[in-house]
Amino acid sequence: MNKVWTLALLLACATGAAAAPAPSDPAAVVGAFNASLLATMKEGKGLGLSGRTAKLLPLVKATHDMPAMTRLVAGPAWATTAPADKTALTDAFTRHSVVAYATNFASFDGQRFTVQPKVDMRGEDALVHAAIVAKDGTTPLNYRLHKTDGGWRIVDVYADGISQIAVQRAEFAGTIKAGGAAALAAKLNAGDEAKLAK
């Protein structure tokens, strides 16, 4: 068993794994995230959406650079956004991302994740090739990471080769144009609260 999967297994099995410091190896960060995500899926039905969201929130914060992802999603409008609105949108987008994970990875039916230990460097960024293998086929889930003071952090996920940041930026552009970051934060919060209340 290589160091990536050894670390992933330890993080998945340990209590409080989501709060553990991020490894220095980009592939290990992805492996640890996927292992903990899989562990949550195995408890998914019992936890429900709100339980899965609560469990995944610290995991996402520990492995993703959510402020950077929020800035990328907001686009050029970020430069003229007030600090308080930046904070509000980062908080809203973080929870929105966690709710999306909790919705899309809701239960376990024999799925497994694979992570290739070889990392492709794209300038200062790292691209980690991963996939989720299910009964109905394999879906590539590749991760782009960059280096932060706290180690490597995920800044984008490519599902079937499509950047999720690019998809969300296009999806949110109209709301930001009409009402800025505050309007998008309010929209995300309202939508997620409605989902979690069900």
# chains A, B, ... in the order shown; residues from 1 in each chain; ligands from 1
>>> residues_around(residues="range 149-163 of chain A", least_positions_apart="5", cutoff="12 Å", atoms="only C-alpha atoms", output="JSON, numbers by chain")
{"A": [20, 21, 22, 23, 24, 25, 26, 27, 28, 29, 30, 31, 32, 33, 34, 59, 60, 61, 62, 63, 64, 65, 66, 67, 68, 69, 70, 71, 72, 73, 97, 101, 124, 125, 126, 127, 128, 129, 130, 131, 132, 138, 139, 140, 141, 142, 143, 144, 168, 169, 170]}
>>> write_last_selection(atoms="N, CA and C atoms", output="compact mmCIF listing (two decimals), in the first residue's frame")
# COMPACT_ATOMS: atom_id res chain seq x y z
N ALA A 20 -7.80 17.13 10.44
CA ALA A 20 -6.37 16.85 10.41
C ALA A 20 -5.66 17.77 9.44
N PRO A 21 -4.40 18.12 9.71
CA PRO A 21 -3.65 18.97 8.79
C PRO A 21 -3.55 18.33 7.42
N ALA A 22 -3.56 19.15 6.39
CA ALA A 22 -3.47 18.63 5.02
C ALA A 22 -2.06 18.11 4.76
N PRO A 23 -1.93 16.97 4.08
CA PRO A 23 -0.61 16.44 3.74
C PRO A 23 0.10 17.34 2.74
N SER A 24 1.40 17.14 2.60
CA SER A 24 2.19 17.96 1.68
C SER A 24 2.12 17.43 0.26
N ASP A 25 1.60 16.23 0.06
CA ASP A 25 1.49 15.62 -1.25
C ASP A 25 0.09 15.88 -1.81
N PRO A 26 -0.03 16.52 -2.99
CA PRO A 26 -1.36 16.81 -3.54
C PRO A 26 -2.23 15.57 -3.71
N ALA A 27 -1.63 14.45 -4.16
CA ALA A 27 -2.40 13.22 -4.34
C ALA A 27 -2.92 12.70 -3.00
N ALA A 28 -2.14 12.90 -1.93
CA ALA A 28 -2.57 12.47 -0.60
C ALA A 28 -3.74 13.31 -0.10
N VAL A 29 -3.75 14.59 -0.43
CA VAL A 29 -4.88 15.46 -0.05
C VAL A 29 -6.16 14.93 -0.69
N VAL A 30 -6.09 14.63 -1.98
CA VAL A 30 -7.26 14.11 -2.69
C VAL A 30 -7.65 12.74 -2.17
N GLY A 31 -6.66 11.88 -1.93
CA GLY A 31 -6.96 10.56 -1.40
C GLY A 31 -7.63 10.62 -0.05
N ALA A 32 -7.14 11.50 0.82
CA ALA A 32 -7.73 11.67 2.15
C ALA A 32 -9.15 12.21 2.05
N PHE A 33 -9.34 13.19 1.17
CA PHE A 33 -10.68 13.76 1.00
C PHE A 33 -11.65 12.69 0.49
N ASN A 34 -11.25 11.95 -0.52
CA ASN A 34 -12.13 10.93 -1.10
C ASN A 34 -12.43 9.81 -0.11
N LEU A 59 -14.40 18.84 6.75
CA LEU A 59 -13.56 18.15 5.77
C LEU A 59 -13.29 19.05 4.57
N VAL A 60 -14.32 19.70 4.06
CA VAL A 60 -14.15 20.59 2.91
C VAL A 60 -13.28 21.79 3.28
N LYS A 61 -13.50 22.35 4.45
CA LYS A 61 -12.67 23.48 4.88
C LYS A 61 -11.21 23.10 5.02
N ALA A 62 -10.94 21.85 5.41
CA ALA A 62 -9.56 21.39 5.61
C ALA A 62 -8.84 21.06 4.32
N THR A 63 -9.59 20.76 3.26
CA THR A 63 -8.96 20.28 2.02
C THR A 63 -9.17 21.20 0.82
N HIS A 64 -10.08 22.15 0.91
CA HIS A 64 -10.37 23.07 -0.19
C HIS A 64 -9.98 24.50 0.21
N ASP A 65 -9.51 25.27 -0.76
CA ASP A 65 -9.26 26.70 -0.53
C ASP A 65 -10.53 27.45 -0.92
N MET A 66 -11.49 27.48 0.01
CA MET A 66 -12.79 28.05 -0.31
C MET A 66 -12.74 29.56 -0.60
N PRO A 67 -11.91 30.36 0.08
CA PRO A 67 -11.83 31.78 -0.31
C PRO A 67 -11.36 31.95 -1.76
N ALA A 68 -10.37 31.16 -2.18
CA ALA A 68 -9.90 31.26 -3.56
C ALA A 68 -10.97 30.78 -4.54
N MET A 69 -11.66 29.72 -4.20
CA MET A 69 -12.72 29.21 -5.08
C MET A 69 -13.85 30.22 -5.21
N THR A 70 -14.19 30.89 -4.10
CA THR A 70 -15.25 31.90 -4.15
C THR A 70 -14.83 33.06 -5.05
N ARG A 71 -13.58 33.48 -4.93
CA ARG A 71 -13.08 34.57 -5.77
C ARG A 71 -13.15 34.18 -7.25
N LEU A 72 -12.79 32.96 -7.58
CA LEU A 72 -12.83 32.50 -8.97
C LEU A 72 -14.26 32.45 -9.49
N VAL A 73 -15.19 32.01 -8.66
CA VAL A 73 -16.59 31.93 -9.06
C VAL A 73 -17.18 33.33 -9.27
N SER A 97 -21.28 24.54 -1.40
CA SER A 97 -20.43 23.47 -1.93
C SER A 97 -20.56 22.20 -1.11
N TYR A 101 -21.94 18.46 -2.22
CA TYR A 101 -21.27 17.18 -1.96
C TYR A 101 -22.21 16.22 -1.23
N GLU A 124 2.32 26.45 -11.29
CA GLU A 124 2.42 26.27 -9.84
C GLU A 124 1.30 25.40 -9.30
N ASP A 125 0.36 25.03 -10.14
CA ASP A 125 -0.76 24.19 -9.71
C ASP A 125 -0.47 22.71 -9.95
N ALA A 126 -1.17 21.87 -9.21
CA ALA A 126 -1.04 20.42 -9.37
C ALA A 126 -2.37 19.84 -9.84
N LEU A 127 -2.33 18.93 -10.77
CA LEU A 127 -3.53 18.25 -11.26
C LEU A 127 -3.45 16.78 -10.84
N VAL A 128 -4.43 16.37 -10.03
CA VAL A 128 -4.48 15.00 -9.54
C VAL A 128 -5.60 14.27 -10.27
N HIS A 129 -5.25 13.14 -10.86
CA HIS A 129 -6.21 12.35 -11.63
C HIS A 129 -6.87 11.32 -10.72
N ALA A 130 -8.18 11.41 -10.60
CA ALA A 130 -8.94 10.50 -9.74
C ALA A 130 -10.20 10.09 -10.48
N ALA A 131 -10.96 9.19 -9.87
CA ALA A 131 -12.22 8.74 -10.47
C ALA A 131 -13.06 8.08 -9.40
N ILE A 132 -14.37 8.07 -9.64
CA ILE A 132 -15.27 7.28 -8.79
C ILE A 132 -15.77 6.12 -9.64
N THR A 138 -17.51 4.32 -14.62
CA THR A 138 -16.48 5.11 -13.97
C THR A 138 -16.57 6.56 -14.42
N THR A 139 -16.54 7.49 -13.46
CA THR A 139 -16.58 8.92 -13.76
C THR A 139 -15.27 9.56 -13.32
N PRO A 140 -14.52 10.15 -14.26
CA PRO A 140 -13.29 10.85 -13.87
C PRO A 140 -13.63 12.05 -12.98
N LEU A 141 -12.91 12.20 -11.90
CA LEU A 141 -13.03 13.36 -11.01
C LEU A 141 -11.62 13.87 -10.76
N ASN A 142 -11.18 14.78 -11.59
CA ASN A 142 -9.82 15.27 -11.48
C ASN A 142 -9.81 16.58 -10.67
N TYR A 143 -8.77 16.76 -9.89
CA TYR A 143 -8.71 17.88 -8.95
C TYR A 143 -7.52 18.79 -9.26
N ARG A 144 -7.77 20.09 -9.27
CA ARG A 144 -6.68 21.07 -9.38
C ARG A 144 -6.42 21.63 -7.99
N GLN A 168 -20.10 26.96 -12.43
CA GLN A 168 -20.75 27.80 -11.40
C GLN A 168 -20.58 29.27 -11.72
N ARG A 169 -19.44 29.66 -12.24
CA ARG A 169 -19.24 31.07 -12.60
C ARG A 169 -20.27 31.51 -13.63
N ALA A 170 -20.51 30.66 -14.63
CA ALA A 170 -21.52 30.97 -15.64
C ALA A 170 -22.92 30.98 -15.03
>>> select_by_dssp(residues="range 136-176 of chain A", states="helix (DSSP H, G or I)", output="JSON, numbers by chain")
{"A": [164, 165, 166, 167, 168, 169, 170, 171, 172, 173, 174, 175, 176]}
>>> write_last_selection(atoms="N, CA and C atoms", output="JSON list (two decimals), in the first residue's frame")
[["chain", "number", "residue", "atom", "x", "y", "z"],
["A", 164, "GLN", "N", -15.87, 22.57, -12.63],
["A", 164, "GLN", "CA", -17.04, 22.96, -11.85],
["A", 164, "GLN", "C", -17.02, 24.44, -11.52],
["A", 165, "ILE", "N", -15.83, 25.02, -11.37],
["A", 165, "ILE", "CA", -15.74, 26.47, -11.15],
["A", 165, "ILE", "C", -16.28, 27.22, -12.36],
["A", 166, "ALA", "N", -15.92, 26.78, -13.56],
["A", 166, "ALA", "CA", -16.40, 27.44, -14.77],
["A", 166, "ALA", "C", -17.92, 27.34, -14.90],
["A", 167, "VAL", "N", -18.46, 26.16, -14.56],
["A", 167, "VAL", "CA", -19.91, 25.96, -14.62],
["A", 167, "VAL", "C", -20.61, 26.89, -13.64],
["A", 168, "GLN", "N", -20.10, 26.96, -12.43],
["A", 168, "GLN", "CA", -20.75, 27.80, -11.40],
["A", 168, "GLN", "C", -20.58, 29.27, -11.72],
["A", 169, "ARG", "N", -19.44, 29.66, -12.24],
["A", 169, "ARG", "CA", -19.24, 31.07, -12.60],
["A", 169, "ARG", "C", -20.27, 31.51, -13.63],
["A", 170, "ALA", "N", -20.51, 30.66, -14.63],
["A", 170, "ALA", "CA", -21.52, 30.97, -15.64],
["A", 170, "ALA", "C", -22.92, 30.98, -15.03],
["A", 171, "GLU", "N", -23.19, 30.04, -14.13],
["A", 171, "GLU", "CA", -24.49, 29.94, -13.49],
["A", 171, "GLU", "C", -24.81, 31.15, -12.62],
["A", 172, "PHE", "N", -23.79, 31.67, -11.94],
["A", 172, "PHE", "CA", -24.01, 32.76, -10.99],
["A", 172, "PHE", "C", -23.84, 34.15, -11.59],
["A", 173, "ALA", "N", -23.36, 34.23, -12.83],
["A", 173, "ALA", "CA", -23.01, 35.52, -13.42],
["A", 173, "ALA", "C", -24.18, 36.50, -13.43],
["A", 174, "GLY", "N", -25.36, 36.03, -13.78],
["A", 174, "GLY", "CA", -26.52, 36.92, -13.85],
["A", 174, "GLY", "C", -26.88, 37.53, -12.50],
["A", 175, "THR", "N", -26.83, 36.70, -11.45],
["A", 175, "THR", "CA", -27.15, 37.19, -10.11],
["A", 175, "THR", "C", -26.13, 38.21, -9.64],
["A", 176, "ILE", "N", -24.86, 37.96, -9.89],
["A", 176, "ILE", "CA", -23.81, 38.91, -9.49],
["A", 176, "ILE", "C", -23.93, 40.20, -10.27]]
>>> closest_residue(among="A:Ala84, A:Ala190, A:Ala92, A:Val98", to="Arg52 in chain A", atoms="only C-alpha atoms")
A:Val98
>>> atom_distance(atom1="CA of Pro58 in chain A", atom2="CA of Leu184 in chain A")
22.7 Å
>>> residues_around(residues="Leu89 in chain A", least_positions_apart="5", cutoff="7 Å", atoms="only C-alpha atoms", output="list in words")
Ala181, Ala182 and Ala185 of chain A
>>> select_by_dssp(residues="range 5-130 of chain A", states="strand (DSSP E)", output="list of chain:residue names")
A:Arg112, A:Phe113, A:Thr114, A:Val115, A:Gln116, A:Pro117, A:Lys118, A:Val119, A:Asp120, A:Met121, A:Arg122, A:Asp125, A:Ala126, A:Leu127, A:Val128, A:His129, A:Ala130
>>> residues_around(residues="Lys195 in chain A", least_positions_apart="4", cutoff="9 Å", atoms="only C-alpha atoms", output="PyMOL selection string")
chain A and resi 49-50+99+190-191
>>> write_last_selection(atoms="N, CA, C and O atoms", output="mmCIF file, in the first residue's frame")
data_model
loop_
_atom_site.group_PDB
_atom_site.id
_atom_site.type_symbol
_atom_site.label_atom_id
_atom_site.label_comp_id
_atom_site.auth_asym_id
_atom_site.auth_seq_id
_atom_site.Cartn_x
_atom_site.Cartn_y
_atom_site.Cartn_z
ATOM 1 N N LEU A 49 -29.478 14.535 4.883
ATOM 2 C CA LEU A 49 -28.757 15.624 4.228
ATOM 3 C C LEU A 49 -28.101 16.558 5.244
ATOM 4 O O LEU A 49 -26.928 16.931 5.096
ATOM 5 N N SER A 50 -28.827 16.942 6.278
ATOM 6 C CA SER A 50 -28.261 17.871 7.254
ATOM 7 C C SER A 50 -27.096 17.237 8.008
ATOM 8 O O SER A 50 -26.085 17.896 8.283
ATOM 9 N N VAL A 99 -23.185 21.328 0.762
ATOM 10 C CA VAL A 99 -24.518 20.779 0.507
ATOM 11 C C VAL A 99 -24.526 20.018 -0.822
ATOM 12 O O VAL A 99 -25.152 18.958 -0.939
ATOM 13 N N ALA A 190 -30.614 31.008 0.778
ATOM 14 C CA ALA A 190 -32.037 30.670 0.725
ATOM 15 C C ALA A 190 -32.251 29.283 0.127
ATOM 16 O O ALA A 190 -33.043 28.479 0.642
ATOM 17 N N GLY A 191 -31.541 28.992 -0.951
ATOM 18 C CA GLY A 191 -31.697 27.694 -1.590
ATOM 19 C C GLY A 191 -31.224 26.553 -0.714
ATOM 20 O O GLY A 191 -31.881 25.511 -0.623
#
>>> closest_residue(among="A:Lys55, A:Gly123, A:Val115, A:Leu38", to="Arg95 in chain A", atoms="only C-alpha atoms")
A:Lys55
>>> atom_distance(atom1="CA of Thr87 in chain A", atom2="CA of Asn189 in chain A")
13.3 Å
>>> closest_residue(among="A:Ala106, A:Ala79, A:Phe93, A:Leu56", to="Asp192 in chain A", atoms="only C-alpha atoms")
A:Phe93
